[in-house]
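What follows is a short report on a single structure.
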Amino acid sequence: MHVHELNPKRTIIAMIIFVVVIVVGLLTLTNPRLKYKISPSEAINLLSVTNQGVDASQIDNMLSASNNPTILIDIRNNYDYARSHIASANNISAVELLSKDNIKWLKELKDNKTTVVIYGDSPLQANGPWMVFQQLGFDNVTFLRGGYDYYLEYKIAEKNNVTIPAFEAGKAKYNYAEVAKPSSFGVDNDNKPAKKHTIVRRKKKVAATAGGC
């Protein structure tokens with residue numbers, strides 16, 4: 001006699017649980033939590049569009065505008081955020097951006113037509129997450145050009161009444177080729193005198209004195 005014949009109720013319960021697990025698995029496969037609207041290549045192409053992102057000079061006006069609410073998200077780690085950040089910015093590290101709760105919150109912001117500006121220390125930190133958000137259809141999400149590093153430079157210059165150029169993606173801050181030239185270190189190869197070669201003359205060994213004690 002088989003075991004299931006002795007315990008028919010347990011067999012039925014086990015079969016029901018098995019069927020439920022299979023159904024949940026199939027629903028999960030057919031209905032993923034995150035659905036992509038565009039391909040990665042299309043998102044990369046968006047990054048090359050002129051005037052993509054927000055300049056540091058626009059942040060204050062965007063935050064104070066009443067007709068178009070704006071929220072800042074600092075995607076750096078908690079330590080860097082605690083040290084210094086843009087006033088009123090929320091801290092959500094890059095690894096937590098796509099969590100279930102955060103995606104739900106971002107969908108609410110999109111429905112409310114709220115602009116979301118994300119930033120890291122450098123442009124590269126925000127470019128990746130921004131492209132993922134574009135793939136997911138969050139066209140209300142943008143990024144801070146130059147990142148937090150450039151924002152700090154801009155605020156210092158503004159405080160000292162100094163004008164600095166707007167951040168341009170792909171443009172090096174310094175001319176490293178010029179800095180790397182020998183003349184930049186006070187040495188000019190063209191006018192450098194030829195190096196003199198020193199001739200070393202070896203002394204002849206003196207023969208040992210013959211004889212002993």
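In the structure tokens, chains take letters A, B, ... by order of appearance, with residues numbered from 1 within each chain and ligands from 1 in the order shown.
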
**OP:** Please identify which residues in segment 30-180 of chain A DSSP calls strand (DSSP E) from the backbone, and express them as a PyMOL selection string.
**Re:** chain A and resi 70-74+90-91+115-119+141-143

**OP:** Tell me, as an MDAnalysis selection string, which residues lie within 6 Å of segment 61-75 of chain A, counting only C-alpha atoms; anything in the same chain fewer than 6 positions away does not count.
**Re:** chainID A and resid 89:94 114:120

Write a file of the just-selected residues containing N, CA and C atoms, as a CSV table (one decimal), in the first residue's frame.
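Once everything was written out, this is part_27.csv:
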```
chain,number,residue,atom,x,y,z
A,89,ALA,N,18.5,67.6,-1.0
A,89,ALA,CA,18.7,66.4,-1.8
A,89,ALA,C,18.4,65.2,-1.0
A,90,ASN,N,17.7,64.2,-1.6
A,90,ASN,CA,17.4,62.9,-0.9
A,90,ASN,C,18.6,62.0,-1.2
A,91,ASN,N,19.0,61.1,-0.3
A,91,ASN,CA,20.1,60.2,-0.5
A,91,ASN,C,19.6,58.8,-0.8
A,92,ILE,N,19.7,58.3,-2.0
A,92,ILE,CA,19.4,57.0,-2.4
A,92,ILE,C,20.6,56.4,-3.1
A,93,SER,N,21.4,55.5,-2.6
A,93,SER,CA,22.6,55.1,-3.2
A,93,SER,C,22.2,54.4,-4.6
A,94,ALA,N,23.1,54.3,-5.5
A,94,ALA,CA,22.9,53.8,-6.8
A,94,ALA,C,22.4,52.3,-6.8
A,114,THR,N,6.6,65.5,-11.6
A,114,THR,CA,7.8,66.0,-10.8
A,114,THR,C,9.1,65.7,-11.5
A,115,THR,N,9.9,66.7,-11.7
A,115,THR,CA,11.2,66.4,-12.3
A,115,THR,C,12.2,65.9,-11.3
A,116,VAL,N,12.9,64.8,-11.6
A,116,VAL,CA,13.9,64.2,-10.7
A,116,VAL,C,15.3,64.4,-11.3
A,117,VAL,N,16.1,65.0,-10.5
A,117,VAL,CA,17.5,65.3,-10.9
A,117,VAL,C,18.4,64.4,-10.1
A,118,ILE,N,19.2,63.5,-10.7
A,118,ILE,CA,20.1,62.6,-9.9
A,118,ILE,C,21.5,63.1,-10.2
A,119,TYR,N,22.4,62.9,-9.2
A,119,TYR,CA,23.8,63.3,-9.3
A,119,TYR,C,24.7,62.4,-8.4
A,120,GLY,N,25.9,62.3,-8.9
A,120,GLY,CA,27.0,61.6,-8.1
A,120,GLY,C,28.1,62.6,-8.0
```

Original post:
What is the atom CA of Phe143 of chain A-atom CA of Ala126 of chain A distance in Å, reported with one decimal?
Top reply: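 So the answer is 6.6 Å.
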
Original post:
Within 12 Å of segment 40-49 of chain A, counting only C-alpha atoms, which residues qualify if same-chain residues fewer than 5 places away don't, as JSON, numbers by chain?
Top reply: {"A": [123, 124, 126, 127, 128, 129, 130, 131, 132, 133, 134, 135, 136, 137, 138, 139, 142, 143, 145, 168, 169, 170]}
